[in-house]
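Trainee: Input: one structure, supplied below.
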Amino acid sequence: MVQWNQESIERLTELFNQGLSDKEIGIHFGLTAVTIEGRRLELGLLRRKQYRQWSTKEEMNLVRWWSEGVFAIEVAKRLGRTRAAVSDKIYKLKLENPKTLRRKAQEIPDGMKYCPRCECVVTLSEFYDIPTADSGRAGYCNRCSNQISREFYQSIRRKCLRHIGDQLRCAHCNEDDFSILQVDHKQNDGYLDLDGLGLYRSILTISKQEAQKYYQILCANCNWKKRIEVQRQSDPMRYQLNQIRRSRVLNYLKADSIIKCTSCGIDDIDVIQIDHIHNDGNQEKSRGLREFYPKILSLSQDEAQSRFQLLCANCNWKKQLEQSTREVNE
Ligand SMILES: [Zn+2]
Ligand SMILES: [Zn+2]
Ligand SMILES: [Zn+2]
C-alpha cells in the first residue's frame with residue numbers, strides 16, 4: 001500500500017504528464033489501474049480525451065444508478081461507454097461514493113431523506129411518491145426532480161428545433177430568442193398531433209428532410225398570428241364573432257389608450273393575450289374562453305385590471321418560462 005505523500009503525488013503527476021496510462025502508472029507503484037485512476041481524479045488530473053457528448057438522459061441514468069450503488073463498470077456497460085468515460089463524468093458531476101451516501105443516510109433522522117443531487121436533508125414530503133421504488137419515494141427531492149425534468153425537456157426541445165431549422169430563429173420575423181421559439185405545423189394540422197415533449201420526440205424520429213417539410217420554427221407571436229389567420233380563412237363567421245368578443249375584453253383590460261403588450265409595448269392586436277398577473281389562471285384556462293371572457297367582464301374594471309394584464313404571446317411565454325425557473329430556484 002502506497003502512502004500518498006508529496007513525493008509520490010509528484011511522481012504520479014509526472015508520469016501522468018508523460019502520457020502514461022493508468023495501468024502503466026499502476027505498474028510503477030504496484031497498484032491497480034483503478035486505484036491510480038481514483039487518486040488521479042482526486043488530484044484533478046483529467047485525461048484530455050474527448051468523450052462522446054452526454055445527453056441529459058444518460059446523465060440522469062448515471063446519477064440514479066450511481067446513487068443506487070451500481071458500479072462504474074456496470075454503468076459503462078449499460079450506457080455503451082468506456083469505464084474511463086463514466087469515471088470522468090462521475091468526477092465532473094461531483095457525485096459522492098455510494099458508500100459515503102449510505103453512511104450519510106444512516107445519520108438521517110426519521111421522516112427525513114437525503115437528496116444526493118443538492119446534498120440536502122429534507123422532509124419525506126419533499127420527495128415524490130414512487131410506489132414502485134424500494135423506499136416508496138423518488139431518489140431526488142422535488143426541487144431537483146423538477147429541475148432535472150425541466151432540463152431534460154429543454155434539451156429535447158433544443159434538439160427538435162435544430163432538427164427542423166438550420167438556424168434557431170423564427171421563419172417569419174427572424175426572432176432568435178430561444179425561449180419563445182415554437183414548433184409550427186406548416187399544414188396547420190397541429191390538432192391531429194401531439195404537444196410538447198411528445199411532439200418533439202415524434203419529430204426527432206423522422207428524417208431532417210421530412211421534418212423540414214412539415215414543420216417550421218416560429219416565435220410565439222408569429223405562431224399565434226398564424227393561428228388567427230387560419231381561422232379567419234377557414235371559418236370567417238367564428239373568426240368575426242371571436243374578434244368582437246376579444247376586442248371587448250381587451251378594451252376592458254387595456255391599461256392605456258390603446259391595446260398593447262404591457263411588457264414590450266407591441267400593439268398588434270392579433271398577438272395580444274390575457275395574462276393572469278398572479279399566475280392563478282390554470283383553473284380558468286381549462287374551462288375555456290367561453291366562460292373566461294364573461295368572467296372578466298363580470299368583474300369591476302378595477303378588479304379585472306388588478307388581476308389581468310395584456311401581454312403579447314412572446315412576453316407571455318417568456319413570463320411562464322421565468323416563472324417555472326424561479327420555482328426551481330426558490
Ligand atoms: Zn435535491
Ligand atoms: Zn416571429
Ligand atoms: Zn410583449
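Residues in the C-alpha cells are named by chain (A, B, ... in the order shown) and by number from 1 within that chain; ligands are numbered from 1 in the order shown.
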Per residue of chain A within 7 Å of ligand 1, note the shortest atom pair and the distance in Å to one decimal, counting only C-alpha atoms and all ligand atoms, and order the rows by chain and increasing residue number, as a Markdown table.
Mentor:
```
| residue | atom | partner | partner_atom_place_in_ligand_line | distance |
| --- | --- | --- | --- | --- |
| A:Cys115 | CA | ligand 1 | 1 (Zn) | 4.6 |
| A:Pro116 | CA | ligand 1 | 1 (Zn) | 6.6 |
| A:Arg117 | CA | ligand 1 | 1 (Zn) | 5.0 |
| A:Cys118 | CA | ligand 1 | 1 (Zn) | 4.1 |
| A:Glu119 | CA | ligand 1 | 1 (Zn) | 6.4 |
| A:Cys120 | CA | ligand 1 | 1 (Zn) | 6.1 |
| A:Tyr140 | CA | ligand 1 | 1 (Zn) | 5.2 |
| A:Cys141 | CA | ligand 1 | 1 (Zn) | 4.2 |
| A:Asn142 | CA | ligand 1 | 1 (Zn) | 6.8 |
| A:Arg143 | CA | ligand 1 | 1 (Zn) | 5.8 |
| A:Cys144 | CA | ligand 1 | 1 (Zn) | 4.3 |
```
Trainee: Counting only C-alpha atoms and all ligand atoms, which protein, DNA or RNA residues come within 9 Å of ligand 3, given as a list of chain:residue names?
Mentor: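 Listed by chain and ascending number, the contacts are A:Asn221, A:Lys260, A:Cys261, A:Thr262, A:Ser263, A:Cys264, A:Gly265, A:Ile266, A:Asp267, A:Val271, A:Ile272, A:Leu310, A:Leu311, A:Cys312, A:Ala313, A:Asn314, A:Cys315, A:Asn316.
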Trainee: Keeping N, CA and C atoms for every residue in the selection just given, could you write it to a file as a PDB file, in the first residue's frame?
Mentor:
```
ATOM      1  N   ASN A 221     -45.293  34.865 -31.111  1.00  0.00           N
ATOM      2  CA  ASN A 221     -46.149  35.881 -31.750  1.00  0.00           C
ATOM      3  C   ASN A 221     -46.568  35.481 -33.157  1.00  0.00           C
ATOM      4  N   LYS A 260     -52.156  47.154 -26.095  1.00  0.00           N
ATOM      5  CA  LYS A 260     -50.758  46.798 -26.385  1.00  0.00           C
ATOM      6  C   LYS A 260     -50.190  45.922 -25.280  1.00  0.00           C
ATOM      7  N   CYS A 261     -49.049  45.327 -25.552  1.00  0.00           N
ATOM      8  CA  CYS A 261     -48.384  44.469 -24.575  1.00  0.00           C
ATOM      9  C   CYS A 261     -47.827  45.332 -23.437  1.00  0.00           C
ATOM     10  N   THR A 262     -48.181  44.979 -22.200  1.00  0.00           N
ATOM     11  CA  THR A 262     -47.733  45.742 -21.037  1.00  0.00           C
ATOM     12  C   THR A 262     -46.216  45.698 -20.908  1.00  0.00           C
ATOM     13  N   SER A 263     -45.620  44.610 -21.415  1.00  0.00           N
ATOM     14  CA  SER A 263     -44.188  44.428 -21.214  1.00  0.00           C
ATOM     15  C   SER A 263     -43.343  45.069 -22.311  1.00  0.00           C
ATOM     16  N   CYS A 264     -43.624  44.723 -23.593  1.00  0.00           N
ATOM     17  CA  CYS A 264     -42.748  45.218 -24.664  1.00  0.00           C
ATOM     18  C   CYS A 264     -43.402  46.319 -25.504  1.00  0.00           C
ATOM     19  N   GLY A 265     -44.707  46.525 -25.301  1.00  0.00           N
ATOM     20  CA  GLY A 265     -45.365  47.641 -25.967  1.00  0.00           C
ATOM     21  C   GLY A 265     -45.858  47.363 -27.380  1.00  0.00           C
ATOM     22  N   ILE A 266     -45.680  46.163 -27.887  1.00  0.00           N
ATOM     23  CA  ILE A 266     -46.146  45.853 -29.244  1.00  0.00           C
ATOM     24  C   ILE A 266     -47.683  46.022 -29.280  1.00  0.00           C
ATOM     25  N   ASP A 267     -48.189  46.683 -30.342  1.00  0.00           N
ATOM     26  CA  ASP A 267     -49.628  46.981 -30.331  1.00  0.00           C
ATOM     27  C   ASP A 267     -50.391  46.258 -31.443  1.00  0.00           C
ATOM     28  N   VAL A 271     -51.565  39.577 -31.632  1.00  0.00           N
ATOM     29  CA  VAL A 271     -50.628  38.790 -30.827  1.00  0.00           C
ATOM     30  C   VAL A 271     -50.849  38.992 -29.325  1.00  0.00           C
ATOM     31  N   ILE A 272     -51.882  39.794 -28.990  1.00  0.00           N
ATOM     32  CA  ILE A 272     -52.106  40.101 -27.574  1.00  0.00           C
ATOM     33  C   ILE A 272     -52.883  38.984 -26.880  1.00  0.00           C
ATOM     34  N   LEU A 310     -52.464  42.660 -20.291  1.00  0.00           N
ATOM     35  CA  LEU A 310     -52.291  42.258 -21.685  1.00  0.00           C
ATOM     36  C   LEU A 310     -50.809  42.052 -21.977  1.00  0.00           C
ATOM     37  N   LEU A 311     -50.495  40.870 -22.476  1.00  0.00           N
ATOM     38  CA  LEU A 311     -49.117  40.572 -22.881  1.00  0.00           C
ATOM     39  C   LEU A 311     -49.154  40.003 -24.286  1.00  0.00           C
ATOM     40  N   CYS A 312     -48.120  40.272 -25.061  1.00  0.00           N
ATOM     41  CA  CYS A 312     -48.043  39.611 -26.361  1.00  0.00           C
ATOM     42  C   CYS A 312     -47.663  38.149 -26.109  1.00  0.00           C
ATOM     43  N   ALA A 313     -47.887  37.294 -27.101  1.00  0.00           N
ATOM     44  CA  ALA A 313     -47.614  35.865 -26.928  1.00  0.00           C
ATOM     45  C   ALA A 313     -46.160  35.634 -26.520  1.00  0.00           C
ATOM     46  N   ASN A 314     -45.223  36.390 -27.128  1.00  0.00           N
ATOM     47  CA  ASN A 314     -43.805  36.237 -26.788  1.00  0.00           C
ATOM     48  C   ASN A 314     -43.546  36.531 -25.315  1.00  0.00           C
ATOM     49  N   CYS A 315     -44.032  37.679 -24.844  1.00  0.00           N
ATOM     50  CA  CYS A 315     -43.789  38.063 -23.451  1.00  0.00           C
ATOM     51  C   CYS A 315     -44.488  37.104 -22.492  1.00  0.00           C
ATOM     52  N   ASN A 316     -45.646  36.598 -22.897  1.00  0.00           N
ATOM     53  CA  ASN A 316     -46.375  35.649 -22.072  1.00  0.00           C
ATOM     54  C   ASN A 316     -45.593  34.341 -21.908  1.00  0.00           C
TER      55      ASN A 316
END
```
Trainee: I'd like to know which residues of range 64-295 of chain A are alpha helix (DSSP H) (by DSSP, run on the backbone); could you write them as a short mmCIF file (atom, residue, chain, number, x, y, z; two decimals) with C-alpha atoms, in the first residue's frame?
Mentor:
```cif
data_model
loop_
_atom_site.label_atom_id
_atom_site.label_comp_id
_atom_site.auth_asym_id
_atom_site.auth_seq_id
_atom_site.Cartn_x
_atom_site.Cartn_y
_atom_site.Cartn_z
CA ARG A 64 -29.55 7.34 -10.43
CA TRP A 65 -27.57 4.12 -10.90
CA TRP A 66 -24.57 5.51 -9.08
CA SER A 67 -26.73 6.52 -6.13
CA ALA A 72 -18.96 2.34 -12.75
CA ILE A 73 -18.06 -0.63 -14.93
CA GLU A 74 -21.68 -1.79 -14.94
CA VAL A 75 -22.93 1.76 -15.66
CA ALA A 76 -20.47 1.88 -18.57
CA LYS A 77 -21.83 -1.39 -19.93
CA ARG A 78 -25.43 -0.19 -19.70
CA LEU A 79 -24.61 3.08 -21.46
CA ARG A 83 -15.38 2.90 -17.80
CA ALA A 84 -12.94 5.81 -18.09
CA ALA A 85 -15.63 7.99 -19.63
CA VAL A 86 -18.03 7.11 -16.82
CA SER A 87 -15.42 7.77 -14.10
CA ASP A 88 -14.57 11.08 -15.69
CA LYS A 89 -18.24 12.06 -15.66
CA ILE A 90 -18.73 10.94 -12.07
CA TYR A 91 -15.84 13.17 -11.13
CA LYS A 92 -17.15 16.13 -13.11
CA PRO A 98 -22.39 5.30 -2.66
CA LYS A 99 -20.62 4.13 0.50
CA THR A 100 -20.42 7.71 1.76
CA LEU A 101 -24.04 8.17 0.79
CA ARG A 102 -25.11 5.12 2.76
CA ARG A 103 -23.21 6.34 5.79
CA LYS A 104 -24.88 9.72 5.48
CA ALA A 105 -28.26 8.06 5.10
CA GLN A 106 -27.76 6.31 8.44
CA ASN A 142 -38.96 17.52 -5.69
CA ARG A 143 -36.94 20.60 -6.48
CA CYS A 144 -34.16 18.53 -8.04
CA SER A 145 -36.61 16.21 -9.82
CA ASN A 146 -38.38 19.21 -11.32
CA GLN A 147 -35.12 20.74 -12.40
CA ILE A 148 -33.93 17.51 -13.99
CA SER A 149 -37.14 17.07 -15.94
CA ARG A 150 -37.10 20.72 -16.98
CA GLU A 151 -33.52 20.43 -18.23
CA PHE A 152 -34.44 17.21 -19.98
CA TYR A 153 -37.43 18.91 -21.59
CA GLN A 154 -35.34 21.88 -22.77
CA SER A 155 -32.63 19.65 -24.21
CA ILE A 156 -35.19 17.66 -26.22
CA ARG A 157 -36.82 20.92 -27.31
CA ARG A 158 -33.49 22.31 -28.48
CA LYS A 159 -32.66 19.10 -30.36
CA CYS A 160 -36.07 19.13 -32.02
CA LEU A 161 -35.80 22.76 -33.12
CA ARG A 162 -32.32 22.08 -34.50
CA HIS A 163 -33.80 19.19 -36.45
CA ILE A 164 -36.41 21.45 -38.03
CA GLY A 196 -44.77 19.41 -26.01
CA LEU A 197 -42.41 16.54 -25.31
CA GLY A 198 -44.48 14.03 -27.28
CA LEU A 199 -44.38 16.27 -30.32
CA TYR A 200 -40.64 16.95 -30.04
CA ARG A 201 -39.90 13.27 -29.71
CA SER A 202 -42.04 12.24 -32.65
CA ILE A 203 -40.37 14.88 -34.82
CA LEU A 204 -36.97 13.52 -33.84
CA THR A 205 -37.94 10.11 -35.19
CA LYS A 208 -34.45 16.02 -41.14
CA GLN A 209 -35.75 16.42 -44.66
CA GLU A 210 -39.23 15.29 -43.69
CA ALA A 211 -39.18 17.38 -40.52
CA GLN A 212 -38.39 20.48 -42.55
CA LYS A 213 -41.14 19.66 -45.00
CA TYR A 214 -43.88 19.53 -42.39
CA ALA A 220 -44.83 32.65 -30.21
CA ASN A 221 -46.15 35.88 -31.75
CA CYS A 222 -45.94 34.71 -35.36
CA ASN A 223 -47.41 31.35 -34.38
CA TRP A 224 -50.35 32.99 -32.62
CA LYS A 225 -50.92 35.35 -35.53
CA LYS A 226 -50.90 32.47 -37.96
CA ARG A 227 -53.49 30.61 -35.91
CA ILE A 228 -55.82 33.58 -36.03
CA GLU A 229 -55.23 33.98 -39.78
CA VAL A 230 -56.09 30.32 -40.35
CA GLN A 231 -59.37 30.79 -38.53
CA ARG A 232 -60.13 33.93 -40.50
CA GLN A 233 -59.82 31.99 -43.75
CA SER A 234 -61.39 28.70 -42.78
CA PRO A 236 -64.94 33.56 -41.14
CA MET A 237 -68.12 33.53 -39.06
CA ARG A 238 -66.43 32.20 -35.98
CA TYR A 239 -63.49 34.48 -36.59
CA GLN A 240 -65.73 37.55 -36.68
CA LEU A 241 -67.55 36.54 -33.54
CA ASN A 242 -64.29 35.87 -31.73
CA GLN A 243 -62.85 39.19 -32.82
CA ILE A 244 -65.83 41.07 -31.43
CA ARG A 245 -65.71 39.25 -28.10
CA ARG A 246 -61.95 39.51 -27.90
CA SER A 247 -61.73 43.20 -28.62
CA ARG A 248 -64.42 43.88 -26.00
CA VAL A 249 -62.39 42.12 -23.30
CA LEU A 250 -59.08 43.56 -24.44
CA ASN A 251 -60.53 47.07 -24.37
CA TYR A 252 -61.84 46.41 -20.88
CA LEU A 253 -58.38 45.37 -19.71
CA ASN A 282 -54.82 27.25 -14.59
CA GLN A 283 -58.36 26.55 -13.48
CA GLU A 284 -59.88 29.26 -15.61
CA LYS A 285 -57.89 28.38 -18.71
CA SER A 286 -59.03 24.79 -18.57
CA ARG A 287 -62.67 25.92 -18.68
CA LEU A 289 -62.72 31.11 -23.34
CA ARG A 290 -66.48 30.72 -23.42
CA GLU A 291 -66.50 31.14 -19.64
CA PHE A 292 -63.29 33.11 -19.35
CA TYR A 293 -64.35 36.27 -21.19
CA PRO A 294 -67.71 36.76 -19.43
CA LYS A 295 -66.00 36.16 -16.11
#
```
Trainee: In range 252-320 of chain A, what's strand (DSSP E or B) per DSSP? Answer as a list in words?
Mentor: Ile272, Gln273, Ile274, Asp275, His276, Phe308, Gln309, Leu310, Leu311 and Cys312 of chain A
Trainee: Any residue with an atom at most 7 Å from ligand 2 counts, using only C-alpha atoms and all ligand atoms. Which are they? Put them as a VMD selection string.
Mentor: chain A and resid 170 to 175 218 to 222
Trainee: I want to know what sits within 9 Å of range 10-24 of chain A, based on only C-alpha atoms, with residues of the same chain fewer than 5 positions away left out; could you give that as a list in words?
Mentor: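 Result of the neighbour search: Asn5, Phe29, Leu31, Thr32, Ala33, Val34, Thr35, Ile36, Glu37, Arg40, Leu43, Leu45 and Arg47 of chain A.
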